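Source file: work-v8.txt (compact mmCIF, C-alpha atoms and all ligand atoms)
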```txt
# COMPACT_ATOMS: atom_id res chain seq x y z
CA MET A 1 -28.18 -31.31 -50.28
CA SER A 2 -27.35 -30.33 -46.70
CA ILE A 3 -29.57 -28.18 -44.54
CA LYS A 4 -28.05 -25.06 -43.02
CA LYS A 5 -28.70 -24.39 -39.33
CA ASP A 6 -30.24 -21.00 -40.18
CA ALA A 7 -32.89 -22.60 -42.39
CA LEU A 8 -34.10 -24.61 -39.42
CA ALA A 9 -33.85 -21.99 -36.70
CA GLY A 10 -37.16 -21.73 -34.88
CA LYS A 11 -38.70 -24.74 -36.65
CA LEU A 12 -40.38 -27.02 -34.14
CA ALA A 13 -39.41 -30.69 -33.77
CA VAL A 14 -41.41 -32.70 -31.24
CA VAL A 15 -39.82 -35.91 -29.95
CA THR A 16 -41.90 -38.35 -27.90
CA GLY A 17 -40.06 -40.55 -25.43
CA ALA A 18 -37.36 -37.88 -25.10
CA SER A 19 -36.41 -38.55 -21.47
CA SER A 20 -33.85 -41.26 -22.31
CA GLY A 21 -32.19 -43.35 -25.02
CA ILE A 22 -32.90 -42.70 -28.70
CA GLY A 23 -35.38 -39.88 -28.01
CA ALA A 24 -33.02 -37.95 -25.72
CA SER A 25 -30.11 -38.26 -28.21
CA THR A 26 -32.37 -37.23 -31.07
CA GLY A 27 -33.55 -34.15 -29.14
CA VAL A 28 -29.95 -33.10 -28.54
CA GLN A 29 -28.95 -33.64 -32.20
CA LEU A 30 -31.96 -31.76 -33.54
CA ALA A 31 -31.29 -28.82 -31.22
CA LYS A 32 -27.71 -28.70 -32.57
CA LEU A 33 -29.19 -28.39 -36.07
CA GLY A 34 -31.15 -25.29 -34.98
CA PHE A 35 -34.57 -26.80 -34.30
CA LYS A 36 -36.61 -25.70 -31.33
CA VAL A 37 -37.17 -29.07 -29.69
CA GLY A 38 -40.28 -30.17 -27.77
CA LEU A 39 -39.35 -33.00 -25.39
CA VAL A 40 -42.28 -35.26 -24.47
CA ALA A 41 -42.30 -38.09 -21.86
CA ARG A 42 -43.54 -38.79 -18.33
CA ARG A 43 -40.36 -38.22 -16.27
CA LYS A 44 -40.25 -34.43 -16.00
CA GLU A 45 -36.99 -34.30 -14.04
CA LYS A 46 -35.18 -36.21 -16.81
CA LEU A 47 -36.69 -33.95 -19.47
CA ASP A 48 -35.69 -30.85 -17.46
CA GLN A 49 -32.12 -32.13 -17.28
CA ILE A 50 -31.91 -32.74 -21.05
CA ALA A 51 -33.57 -29.39 -21.82
CA SER A 52 -31.16 -27.47 -19.59
CA GLU A 53 -28.17 -29.18 -21.28
CA ILE A 54 -29.56 -28.19 -24.70
CA ASN A 55 -30.31 -24.60 -23.59
CA ARG A 56 -26.89 -24.28 -21.92
CA ASP A 57 -25.23 -25.26 -25.23
CA GLY A 58 -27.12 -22.52 -27.09
CA GLY A 59 -30.04 -24.63 -28.34
CA GLN A 60 -33.74 -24.23 -27.65
CA ALA A 61 -35.70 -26.94 -25.83
CA VAL A 62 -39.05 -27.04 -24.09
CA VAL A 63 -40.32 -29.72 -21.75
CA ILE A 64 -43.80 -31.11 -22.36
CA PRO A 65 -44.60 -33.82 -19.78
CA ALA A 66 -47.30 -36.27 -20.91
CA ASP A 67 -48.31 -39.86 -20.28
CA LEU A 68 -48.90 -41.38 -23.72
CA SER A 69 -50.57 -44.47 -22.31
CA VAL A 70 -53.68 -42.31 -21.80
CA VAL A 71 -55.53 -41.75 -25.08
CA ALA A 72 -57.26 -38.60 -23.76
CA ASN A 73 -53.84 -36.96 -23.43
CA TYR A 74 -53.01 -36.98 -27.16
CA ASP A 75 -55.42 -34.21 -28.09
CA LEU A 76 -54.51 -32.16 -24.98
CA LEU A 77 -50.81 -32.53 -25.83
CA TYR A 78 -51.30 -31.45 -29.43
CA ARG A 79 -53.48 -28.44 -28.51
CA SER A 80 -51.05 -27.29 -25.84
CA ILE A 81 -48.07 -27.54 -28.25
CA LEU A 82 -49.98 -25.60 -30.91
CA GLU A 83 -51.03 -22.87 -28.49
CA ASN A 84 -47.69 -22.47 -26.76
CA TYR A 85 -45.12 -23.19 -29.47
CA GLY A 86 -46.91 -23.11 -32.85
CA PRO A 87 -47.23 -25.73 -35.60
CA ILE A 88 -45.11 -28.88 -35.54
CA ASP A 89 -42.58 -29.17 -38.39
CA ILE A 90 -41.10 -32.54 -37.41
CA LEU A 91 -42.79 -35.22 -35.30
CA ILE A 92 -40.67 -38.10 -34.04
CA ASN A 93 -42.93 -40.90 -32.81
CA ASN A 94 -40.33 -42.56 -30.64
CA ALA A 95 -41.98 -43.38 -27.27
CA GLY A 96 -42.25 -47.11 -26.80
CA PHE A 97 -41.27 -50.08 -24.68
CA GLY A 98 -40.75 -53.82 -24.93
CA TRP A 99 -41.69 -56.92 -22.98
CA TYR A 100 -40.15 -60.38 -23.40
CA GLY A 101 -41.82 -63.67 -22.54
CA TYR A 102 -44.61 -66.02 -23.61
CA PHE A 103 -47.52 -63.98 -24.92
CA ALA A 104 -49.84 -66.19 -22.84
CA ASP A 105 -48.11 -64.80 -19.72
CA MET A 106 -48.24 -61.14 -20.73
CA PRO A 107 -50.20 -59.19 -18.11
CA LEU A 108 -53.27 -57.56 -19.66
CA SER A 109 -52.26 -54.20 -18.19
CA THR A 110 -48.90 -54.40 -20.04
CA LEU A 111 -50.67 -55.46 -23.24
CA GLU A 112 -53.01 -52.45 -23.07
CA GLU A 113 -50.19 -50.06 -22.23
CA MET A 114 -48.06 -51.31 -25.12
CA LEU A 115 -50.90 -50.85 -27.60
CA GLN A 116 -51.43 -47.29 -26.34
CA VAL A 117 -47.80 -46.14 -26.17
CA ASN A 118 -46.24 -48.00 -29.12
CA LEU A 119 -49.22 -47.72 -31.47
CA GLN A 120 -52.10 -45.44 -30.53
CA ALA A 121 -49.85 -42.52 -29.58
CA ALA A 122 -48.01 -42.72 -32.92
CA ILE A 123 -51.17 -43.08 -35.01
CA ARG A 124 -53.20 -40.45 -33.16
CA LEU A 125 -50.40 -37.88 -33.04
CA THR A 126 -49.82 -38.45 -36.76
CA ARG A 127 -53.54 -37.90 -37.40
CA LEU A 128 -53.43 -34.71 -35.34
CA VAL A 129 -50.38 -33.12 -37.01
CA LEU A 130 -50.93 -34.30 -40.60
CA PRO A 131 -53.79 -31.99 -41.70
CA ASP A 132 -51.77 -28.91 -40.77
CA MET A 133 -48.63 -30.29 -42.44
CA CYS A 134 -50.64 -31.00 -45.61
CA LYS A 135 -52.14 -27.49 -45.51
CA ARG A 136 -48.66 -25.98 -45.25
CA ASN A 137 -47.23 -28.58 -47.67
CA SER A 138 -44.32 -29.04 -45.32
CA GLY A 139 -43.37 -31.44 -42.54
CA HIS A 140 -41.85 -34.78 -41.68
CA ILE A 141 -43.19 -37.56 -39.46
CA ILE A 142 -40.65 -40.16 -38.37
CA HIS A 143 -41.65 -43.38 -36.59
CA ILE A 144 -39.13 -45.35 -34.61
CA GLY A 145 -39.67 -48.94 -35.63
CA SER A 146 -37.58 -52.04 -35.04
CA ILE A 147 -36.16 -54.96 -36.95
CA ALA A 148 -38.58 -56.97 -34.76
CA GLY A 149 -41.29 -55.58 -37.05
CA ASN A 150 -39.69 -57.28 -40.07
CA PHE A 151 -38.38 -60.38 -38.29
CA PRO A 152 -40.89 -61.26 -35.55
CA ASN A 153 -39.45 -63.62 -33.01
CA GLN A 154 -40.46 -65.68 -30.00
CA GLY A 155 -40.94 -63.66 -26.83
CA VAL A 156 -41.82 -60.37 -28.49
CA ALA A 157 -45.13 -61.20 -30.19
CA LEU A 158 -47.01 -58.01 -29.40
CA TYR A 159 -43.95 -55.76 -29.58
CA SER A 160 -43.11 -57.11 -33.07
CA ALA A 161 -46.72 -56.64 -34.12
CA THR A 162 -46.76 -52.99 -33.01
CA LYS A 163 -43.60 -52.33 -35.03
CA SER A 164 -44.92 -54.24 -38.10
CA PHE A 165 -48.07 -52.15 -37.86
CA LEU A 166 -46.03 -48.93 -37.84
CA ASP A 167 -44.03 -50.18 -40.83
CA ALA A 168 -47.19 -50.86 -42.86
CA PHE A 169 -48.84 -47.65 -41.67
CA ASN A 170 -45.78 -45.67 -42.71
CA THR A 171 -45.54 -47.32 -46.13
CA ALA A 172 -49.17 -46.55 -46.94
CA LEU A 173 -48.84 -42.96 -45.72
CA TYR A 174 -45.63 -42.50 -47.70
CA ARG A 175 -47.50 -43.59 -50.83
CA GLU A 176 -50.35 -41.16 -50.07
CA LEU A 177 -47.98 -38.24 -49.63
CA ARG A 178 -45.35 -39.10 -52.25
CA THR A 179 -45.97 -36.10 -54.50
CA SER A 180 -46.18 -33.57 -51.66
CA ASN A 181 -43.55 -31.92 -49.52
CA VAL A 182 -44.83 -33.77 -46.45
CA HIS A 183 -42.62 -36.74 -45.63
CA THR A 184 -43.14 -39.85 -43.56
CA SER A 185 -40.44 -42.34 -42.65
CA ILE A 186 -39.70 -45.26 -40.37
CA VAL A 187 -36.37 -46.02 -38.71
CA ASN A 188 -36.08 -49.76 -38.09
CA ALA A 189 -33.34 -50.10 -35.51
CA GLY A 190 -31.54 -53.20 -34.31
CA PRO A 191 -30.56 -53.45 -30.63
CA VAL A 192 -29.53 -50.13 -29.06
CA HIS A 193 -27.96 -49.64 -25.60
CA THR A 194 -30.72 -47.76 -23.77
CA GLU A 195 -33.00 -48.20 -20.76
CA PHE A 196 -35.24 -50.28 -23.06
CA PHE A 197 -33.83 -53.59 -21.79
CA GLN A 198 -33.98 -52.77 -18.08
CA SER A 199 -37.46 -51.29 -18.50
CA ALA A 200 -38.65 -54.57 -20.12
CA LEU A 201 -37.06 -56.63 -17.36
CA ASN A 202 -38.65 -54.47 -14.65
CA ARG A 203 -42.15 -55.05 -15.97
CA PRO A 204 -44.43 -57.60 -14.33
CA ALA A 205 -43.61 -61.14 -15.56
CA GLY A 206 -41.00 -59.67 -17.91
CA ARG A 207 -37.79 -61.53 -18.81
CA ALA A 208 -34.44 -60.31 -20.09
CA ILE A 209 -34.51 -59.51 -23.82
CA PRO A 210 -31.53 -61.45 -25.18
CA ALA A 211 -30.11 -58.97 -27.74
CA GLU A 212 -28.59 -56.17 -25.73
CA ARG A 213 -24.98 -57.31 -26.09
CA TRP A 214 -25.10 -56.56 -29.85
CA GLY A 215 -26.44 -53.06 -29.30
CA ILE A 216 -25.19 -49.84 -30.87
CA PHE A 217 -25.37 -46.47 -29.09
CA PRO A 218 -28.37 -44.15 -29.25
CA ASP A 219 -26.43 -41.23 -30.74
CA GLN A 220 -25.73 -43.43 -33.81
CA VAL A 221 -29.47 -43.76 -34.33
CA ALA A 222 -29.96 -40.03 -33.71
CA ARG A 223 -27.35 -39.16 -36.35
CA ARG A 224 -29.18 -41.34 -38.89
CA ILE A 225 -32.42 -39.54 -38.02
CA VAL A 226 -30.72 -36.21 -38.74
CA LYS A 227 -29.57 -37.58 -42.13
CA LEU A 228 -33.10 -38.76 -42.80
CA ILE A 229 -34.43 -35.26 -42.22
CA HIS A 230 -31.91 -33.97 -44.77
CA HIS A 231 -32.72 -36.75 -47.25
CA PRO A 232 -36.23 -38.11 -46.59
CA ARG A 233 -36.77 -41.79 -47.38
CA ARG A 234 -39.58 -44.22 -46.70
CA ARG A 235 -37.66 -46.64 -44.51
CA ILE A 236 -34.16 -46.94 -43.17
CA PHE A 237 -32.44 -49.58 -41.06
CA VAL A 238 -29.90 -48.76 -38.36
CA PRO A 239 -27.23 -50.04 -38.72
CA GLY A 240 -27.69 -50.05 -42.50
CA TRP A 241 -26.68 -53.68 -43.04
CA LEU A 242 -29.86 -54.72 -41.18
CA ALA A 243 -31.72 -53.93 -44.42
CA ILE A 244 -31.26 -57.68 -45.03
CA THR A 245 -33.77 -58.38 -42.20
CA PRO A 246 -36.94 -58.72 -44.36
CA TRP A 247 -34.99 -61.07 -46.65
CA VAL A 248 -33.83 -63.14 -43.71
CA GLU A 249 -37.46 -63.54 -42.63
CA LEU A 250 -38.48 -64.45 -46.19
CA PHE A 251 -35.79 -67.03 -46.86
CA ALA A 252 -34.71 -68.22 -43.40
CA GLY A 253 -37.84 -67.72 -41.29
CA TRP A 254 -38.00 -71.52 -40.99
CA LEU A 255 -35.00 -71.39 -38.63
CA PRO A 256 -36.67 -69.43 -35.79
CA ASP A 257 -39.78 -71.53 -36.51
CA LEU A 258 -37.69 -74.52 -35.43
CA LEU A 259 -35.54 -72.95 -32.73
CA GLY A 260 -37.96 -70.40 -31.25
CA PRO A 261 -39.59 -72.67 -28.67
CA LEU A 262 -36.17 -73.87 -27.43
CA LEU A 263 -34.67 -70.38 -27.27
CA LEU A 264 -37.59 -68.93 -25.34
CA LYS A 265 -37.73 -71.90 -22.96
CA SER A 266 -34.05 -71.55 -22.11
CA GLY A 267 -34.29 -67.74 -21.71
CA SER A 268 -33.70 -66.34 -18.22
CA GLU A 269 -36.86 -66.00 -16.16
CA LYS A 270 -37.19 -63.12 -13.79
CA ASN A 271 -39.68 -60.92 -12.08
CA MET A 272 -42.75 -63.14 -11.94
CA SER A 273 -44.33 -60.79 -9.44
CA ASP A 274 -47.54 -60.06 -11.33
N1 LIG A 301 -33.27 -50.08 -27.53
C1 LIG A 301 -33.48 -50.89 -28.54
O1 LIG A 301 -32.82 -51.94 -28.66
C2 LIG A 301 -34.51 -50.54 -29.58
C3 LIG A 301 -34.42 -51.20 -30.83
C4 LIG A 301 -35.35 -50.89 -31.81
C5 LIG A 301 -36.33 -49.95 -31.56
N2 LIG A 301 -36.40 -49.34 -30.35
C6 LIG A 301 -37.47 -48.37 -30.13
O2 LIG A 301 -36.90 -47.11 -29.84
C7 LIG A 301 -37.84 -46.33 -29.11
C8 LIG A 301 -37.13 -45.67 -27.94
O3 LIG A 301 -36.66 -46.66 -27.05
P1 LIG A 301 -35.24 -46.58 -26.34
O4 LIG A 301 -34.45 -47.74 -26.80
O5 LIG A 301 -34.67 -45.24 -26.45
O6 LIG A 301 -35.69 -46.93 -24.83
P2 LIG A 301 -35.82 -46.03 -23.52
O7 LIG A 301 -34.51 -45.42 -23.20
O8 LIG A 301 -36.46 -46.93 -22.52
O9 LIG A 301 -36.81 -44.86 -23.96
C9 LIG A 301 -38.20 -45.03 -24.01
C10 LIG A 301 -38.84 -43.67 -23.97
O10 LIG A 301 -40.27 -43.84 -24.10
C11 LIG A 301 -40.88 -43.09 -23.08
N3 LIG A 301 -42.16 -43.64 -22.67
C12 LIG A 301 -42.42 -44.91 -22.25
N4 LIG A 301 -43.70 -45.00 -21.84
C13 LIG A 301 -44.25 -43.75 -21.99
C14 LIG A 301 -45.52 -43.21 -21.72
N5 LIG A 301 -46.51 -43.94 -21.16
N6 LIG A 301 -45.74 -41.90 -21.99
C15 LIG A 301 -44.74 -41.13 -22.53
N7 LIG A 301 -43.52 -41.60 -22.81
C16 LIG A 301 -43.27 -42.90 -22.53
C17 LIG A 301 -39.89 -43.09 -21.91
O11 LIG A 301 -40.10 -41.95 -21.08
P3 LIG A 301 -40.76 -41.94 -19.62
O12 LIG A 301 -40.46 -43.26 -18.97
O13 LIG A 301 -40.09 -40.78 -18.95
O14 LIG A 301 -42.21 -41.70 -19.86
C18 LIG A 301 -38.57 -42.97 -22.67
O15 LIG A 301 -38.28 -41.61 -22.89
C19 LIG A 301 -38.97 -47.28 -28.70
O16 LIG A 301 -40.07 -47.07 -29.57
C20 LIG A 301 -38.37 -48.66 -28.94
O17 LIG A 301 -39.36 -49.60 -29.24
C21 LIG A 301 -35.50 -49.62 -29.36
```
Show how you would write the structure in this file as structure tokens.
Amino acid sequence: MSIKKDALAGKLAVVTGASSGIGASTGVQLAKLGFKVGLVARRKEKLDQIASEINRDGGQAVVIPADLSVVANYDLLYRSILENYGPIDILINNAGFGWYGYFADMPLSTLEEMLQVNLQAAIRLTRLVLPDMCKRNSGHIIHIGSIAGNFPNQGVALYSATKSFLDAFNTALYRELRTSNVHTSIVNAGPVHTEFFQSALNRPAGRAIPAERWGIFPDQVARRIVKLIHHPRRRIFVPGWLAITPWVELFAGWLPDLLGPLLLKSGSEKNMSD
């Protein structure tokens, strides 16, 4: 079953982390489908640029600047969306960032920020939108996870844990909502060419995440998200062949157990300014 643009016209899709990468591409793709798109992130000038491209091409986008590392902002954000644009039909919990290095070296400020942005924002926003979706028996919440959540590796301890958490959270929610018309999904992506890698490297005591060279492009992930909206599923992997990841962890997890310390030790060190 494919969804016609008309059926979606005026429906509201809110994308967090929409100022770059996967979130920006997803905003553009959803606007092409006919959604009114709410673009959330901190960098207003980037959001303005993406919104004006969408509006110029005949779509509808609104810019909603918010810092999701501040818990008090979640409720304000939700209320302001509700008052100004109406109920949320699709929520894409995409905002997030990575950090690579020994967990013992992770600055506490980065640790706190990661828990807020990668986890708290997704959980709290889900808790805010879900009652209304259940009341209307309509809606879809999509979390952007990572294969790191299924195959945790050296250097990304907390990042992997935030994505594993989202995976478990999504599975339980999916099972709660299975018989309703409210959907919840997670998109576990492999490496994607975005600002993610530079942003991790720029962080205090951060090192280069060694997977960028195998990355796909963000519009490939966005197209899979569009498909997911058409055909809701509990969990997808992008690219699809990465569905082997949980099996790799199960049957070959001993390999990174052995090699992890060596790989992390030999990884490039940079930016020890904190
Ligand atoms: N790239 C990959 O290889 C990869 C692989 C698997 C999963 N993912 C996941 O995909 C998601 C998107 O990442 P990306 O690859 O597209 O990287 P990106 O280009 O760096 O995008 C990250 C987005 O998150 C936003 N963000 C970060 N901190 C925020 C905060 N405090 N408040 C509000 N928004 C914030 C950023 O906006 P502002 O800076 O403007 O606030 C930006 O729009 C993340 O959840 C990431 O974990 C990425």
Item checked: Contact residues around A:Ala208 with all atoms listed in the file at 7 Å, ignoring same-chain residues under 2 positions, as a PyMOL selection string -> chain A and resi 100+197+201+206+210+268
Note to self: 8 Å from ligand LIG 301 (chain A) is the threshold here; counting all atoms listed in the file, which polymer residues fall inside it? Answer as a ChimeraX atom specification.
What the structure shows: /A:16-24,40-44,46-47,65-70,93-98,113,116-118,144-148,159,163,188-199,211-212,215,218
Next item on the list: Could you please determine the separation between atom CA of A:Val15 and atom CA of A:Ile142 in Å, to one decimal place?
Entry: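 Rounded to one decimal, the two atoms are 9.5 Å apart.
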Notebook entry, point to check: Given the choices A:Val238, A:Leu91, A:Val156, A:Leu119, which gets closest to A:Arg223 if the distance is worked out from only C-alpha atoms?
Noted result: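 Smallest distance to A:Arg223 is found for A:Val238.
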Check: Using all atoms listed in the file, what residues lie at most 10 Å away from (-54.1, -37.5, -32.8) (file coordinates), given as a list in words?
Finding: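 Residues close enough to count: Val71, Ala72, Asn73, Tyr74, Asp75, Leu76, Leu77, Tyr78, Gln120, Ala121, Ala122, Ile123, Arg124, Leu125, Thr126, Arg127, Leu128, Val129 and Leu130 of chain A.
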Convert the current residue selection to file output with C-alpha atoms, as a PDB file, keeping the file's coordinate frame.
```pdb
ATOM      1  CA  VAL A  71     -55.530 -41.750 -25.080  1.00  0.00           C
ATOM      2  CA  ALA A  72     -57.260 -38.600 -23.760  1.00  0.00           C
ATOM      3  CA  ASN A  73     -53.840 -36.960 -23.430  1.00  0.00           C
ATOM      4  CA  TYR A  74     -53.010 -36.980 -27.160  1.00  0.00           C
ATOM      5  CA  ASP A  75     -55.420 -34.210 -28.090  1.00  0.00           C
ATOM      6  CA  LEU A  76     -54.510 -32.160 -24.980  1.00  0.00           C
ATOM      7  CA  LEU A  77     -50.810 -32.530 -25.830  1.00  0.00           C
ATOM      8  CA  TYR A  78     -51.300 -31.450 -29.430  1.00  0.00           C
ATOM      9  CA  GLN A 120     -52.100 -45.440 -30.530  1.00  0.00           C
ATOM     10  CA  ALA A 121     -49.850 -42.520 -29.580  1.00  0.00           C
ATOM     11  CA  ALA A 122     -48.010 -42.720 -32.920  1.00  0.00           C
ATOM     12  CA  ILE A 123     -51.170 -43.080 -35.010  1.00  0.00           C
ATOM     13  CA  ARG A 124     -53.200 -40.450 -33.160  1.00  0.00           C
ATOM     14  CA  LEU A 125     -50.400 -37.880 -33.040  1.00  0.00           C
ATOM     15  CA  THR A 126     -49.820 -38.450 -36.760  1.00  0.00           C
ATOM     16  CA  ARG A 127     -53.540 -37.900 -37.400  1.00  0.00           C
ATOM     17  CA  LEU A 128     -53.430 -34.710 -35.340  1.00  0.00           C
ATOM     18  CA  VAL A 129     -50.380 -33.120 -37.010  1.00  0.00           C
ATOM     19  CA  LEU A 130     -50.930 -34.300 -40.600  1.00  0.00           C
TER      20      LEU A 130
END
```
Next item on the list: Would you mind listing what lies within 9 Å of stretch 55-60 of chain A as a list of chain:residue names, with only C-alpha atoms counted and same-chain residues fewer than 4 positions away left out?
Entry: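 Here the qualifying residues turn out to be A:Gly10, A:Val28, A:Ala31, A:Lys32, A:Leu33, A:Gly34, A:Phe35, A:Lys36, A:Val37, A:Gly38, A:Ile50, A:Ala51.
Straight-line separation from atom CA of A:Leu177 to atom CA of A:Cys134: 8.7 Å.
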Next item on the list: Rounded to one decimal place, report the atom CA of A:Ile209-atom CA of A:Ala243 distance in Å.
Entry: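 Going from atom CA of A:Ile209 over to atom CA of A:Ala243, I get 21.5 Å.
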Checklist line | Residue among A:Ile92, A:Leu242, A:Ile141, A:Ala205 lying closest to A:Pro107, counting all atoms listed in the file | finding: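 Result for the nearest residue to A:Pro107: A:Ala205.
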Around stretch 103-107 of chain A, fit a box with edges along x, y and z, padding it by 4 Å on each side, then list its centre and edge lengths in Å to one decimal as AutoDock Vina command-line options.
```
--center_x -48.9 --center_y -62.7 --center_z -21.5 --size_x 10.7 --size_y 15.0 --size_z 14.8
```
Complete the atoms of stretch 233-259 of chain A to N, CA and C atoms and put them out as a PDB file, keeping the file's coordinate frame.
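Okay, this is what ended up in rebuild-v6.pdb:
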```pdb
ATOM      1  N   ARG A 233     -36.552 -40.495 -46.721  1.00  0.00           N
ATOM      2  CA  ARG A 233     -36.770 -41.790 -47.380  1.00  0.00           C
ATOM      3  C   ARG A 233     -37.884 -42.509 -46.644  1.00  0.00           C
ATOM      4  N   ARG A 234     -38.455 -43.505 -47.331  1.00  0.00           N
ATOM      5  CA  ARG A 234     -39.580 -44.220 -46.700  1.00  0.00           C
ATOM      6  C   ARG A 234     -39.148 -45.007 -45.478  1.00  0.00           C
ATOM      7  N   ARG A 235     -38.057 -45.745 -45.603  1.00  0.00           N
ATOM      8  CA  ARG A 235     -37.660 -46.640 -44.510  1.00  0.00           C
ATOM      9  C   ARG A 235     -36.146 -46.761 -44.485  1.00  0.00           C
ATOM     10  N   ILE A 236     -35.588 -46.648 -43.292  1.00  0.00           N
ATOM     11  CA  ILE A 236     -34.160 -46.940 -43.170  1.00  0.00           C
ATOM     12  C   ILE A 236     -33.963 -47.965 -42.045  1.00  0.00           C
ATOM     13  N   PHE A 237     -32.834 -48.648 -42.114  1.00  0.00           N
ATOM     14  CA  PHE A 237     -32.440 -49.580 -41.060  1.00  0.00           C
ATOM     15  C   PHE A 237     -31.188 -49.037 -40.395  1.00  0.00           C
ATOM     16  N   VAL A 238     -31.096 -49.212 -39.089  1.00  0.00           N
ATOM     17  CA  VAL A 238     -29.900 -48.760 -38.360  1.00  0.00           C
ATOM     18  C   VAL A 238     -29.423 -49.907 -37.468  1.00  0.00           C
ATOM     19  N   PRO A 239     -28.160 -50.382 -37.646  1.00  0.00           N
ATOM     20  CA  PRO A 239     -27.230 -50.040 -38.720  1.00  0.00           C
ATOM     21  C   PRO A 239     -27.754 -50.486 -40.089  1.00  0.00           C
ATOM     22  N   GLY A 240     -27.170 -49.866 -41.145  1.00  0.00           N
ATOM     23  CA  GLY A 240     -27.690 -50.050 -42.500  1.00  0.00           C
ATOM     24  C   GLY A 240     -27.714 -51.492 -42.984  1.00  0.00           C
ATOM     25  N   TRP A 241     -26.735 -52.297 -42.523  1.00  0.00           N
ATOM     26  CA  TRP A 241     -26.680 -53.680 -43.040  1.00  0.00           C
ATOM     27  C   TRP A 241     -27.911 -54.489 -42.621  1.00  0.00           C
ATOM     28  N   LEU A 242     -28.654 -53.993 -41.618  1.00  0.00           N
ATOM     29  CA  LEU A 242     -29.860 -54.720 -41.180  1.00  0.00           C
ATOM     30  C   LEU A 242     -30.996 -54.645 -42.208  1.00  0.00           C
ATOM     31  N   ALA A 243     -30.742 -53.940 -43.319  1.00  0.00           N
ATOM     32  CA  ALA A 243     -31.720 -53.930 -44.420  1.00  0.00           C
ATOM     33  C   ALA A 243     -31.932 -55.349 -44.966  1.00  0.00           C
ATOM     34  N   ILE A 244     -31.065 -56.279 -44.589  1.00  0.00           N
ATOM     35  CA  ILE A 244     -31.260 -57.680 -45.030  1.00  0.00           C
ATOM     36  C   ILE A 244     -32.391 -58.361 -44.224  1.00  0.00           C
ATOM     37  N   THR A 245     -32.828 -57.709 -43.116  1.00  0.00           N
ATOM     38  CA  THR A 245     -33.770 -58.380 -42.200  1.00  0.00           C
ATOM     39  C   THR A 245     -35.028 -58.944 -42.891  1.00  0.00           C
ATOM     40  N   PRO A 246     -35.732 -58.142 -43.727  1.00  0.00           N
ATOM     41  CA  PRO A 246     -36.940 -58.720 -44.360  1.00  0.00           C
ATOM     42  C   PRO A 246     -36.603 -59.938 -45.221  1.00  0.00           C
ATOM     43  N   TRP A 247     -35.399 -59.931 -45.814  1.00  0.00           N
ATOM     44  CA  TRP A 247     -34.990 -61.070 -46.650  1.00  0.00           C
ATOM     45  C   TRP A 247     -34.689 -62.292 -45.793  1.00  0.00           C
ATOM     46  N   VAL A 248     -34.121 -62.038 -44.631  1.00  0.00           N
ATOM     47  CA  VAL A 248     -33.830 -63.140 -43.710  1.00  0.00           C
ATOM     48  C   VAL A 248     -35.144 -63.811 -43.307  1.00  0.00           C
ATOM     49  N   GLU A 249     -36.148 -62.987 -43.014  1.00  0.00           N
ATOM     50  CA  GLU A 249     -37.460 -63.540 -42.630  1.00  0.00           C
ATOM     51  C   GLU A 249     -38.041 -64.358 -43.793  1.00  0.00           C
ATOM     52  N   LEU A 250     -37.900 -63.799 -45.015  1.00  0.00           N
ATOM     53  CA  LEU A 250     -38.480 -64.450 -46.190  1.00  0.00           C
ATOM     54  C   LEU A 250     -37.825 -65.804 -46.476  1.00  0.00           C
ATOM     55  N   PHE A 251     -36.499 -65.820 -46.421  1.00  0.00           N
ATOM     56  CA  PHE A 251     -35.790 -67.030 -46.860  1.00  0.00           C
ATOM     57  C   PHE A 251     -35.337 -67.944 -45.723  1.00  0.00           C
ATOM     58  N   ALA A 252     -35.230 -67.379 -44.500  1.00  0.00           N
ATOM     59  CA  ALA A 252     -34.710 -68.220 -43.400  1.00  0.00           C
ATOM     60  C   ALA A 252     -35.634 -68.202 -42.194  1.00  0.00           C
ATOM     61  N   GLY A 253     -36.881 -67.769 -42.397  1.00  0.00           N
ATOM     62  CA  GLY A 253     -37.840 -67.720 -41.290  1.00  0.00           C
ATOM     63  C   GLY A 253     -38.102 -69.102 -40.692  1.00  0.00           C
ATOM     64  N   TRP A 254     -37.801 -70.153 -41.482  1.00  0.00           N
ATOM     65  CA  TRP A 254     -38.000 -71.520 -40.990  1.00  0.00           C
ATOM     66  C   TRP A 254     -37.099 -71.823 -39.785  1.00  0.00           C
ATOM     67  N   LEU A 255     -35.956 -71.088 -39.703  1.00  0.00           N
ATOM     68  CA  LEU A 255     -35.000 -71.390 -38.630  1.00  0.00           C
ATOM     69  C   LEU A 255     -35.563 -71.008 -37.252  1.00  0.00           C
ATOM     70  N   PRO A 256     -36.016 -69.731 -37.074  1.00  0.00           N
ATOM     71  CA  PRO A 256     -36.670 -69.430 -35.790  1.00  0.00           C
ATOM     72  C   PRO A 256     -37.953 -70.228 -35.576  1.00  0.00           C
ATOM     73  N   ASP A 257     -38.608 -70.660 -36.680  1.00  0.00           N
ATOM     74  CA  ASP A 257     -39.780 -71.530 -36.510  1.00  0.00           C
ATOM     75  C   ASP A 257     -39.366 -72.782 -35.725  1.00  0.00           C
ATOM     76  N   LEU A 258     -38.178 -73.304 -36.077  1.00  0.00           N
ATOM     77  CA  LEU A 258     -37.690 -74.520 -35.430  1.00  0.00           C
ATOM     78  C   LEU A 258     -37.123 -74.260 -34.042  1.00  0.00           C
ATOM     79  N   LEU A 259     -36.299 -73.176 -33.961  1.00  0.00           N
ATOM     80  CA  LEU A 259     -35.540 -72.950 -32.730  1.00  0.00           C
ATOM     81  C   LEU A 259     -36.270 -72.121 -31.695  1.00  0.00           C
TER      82      LEU A 259
END
```
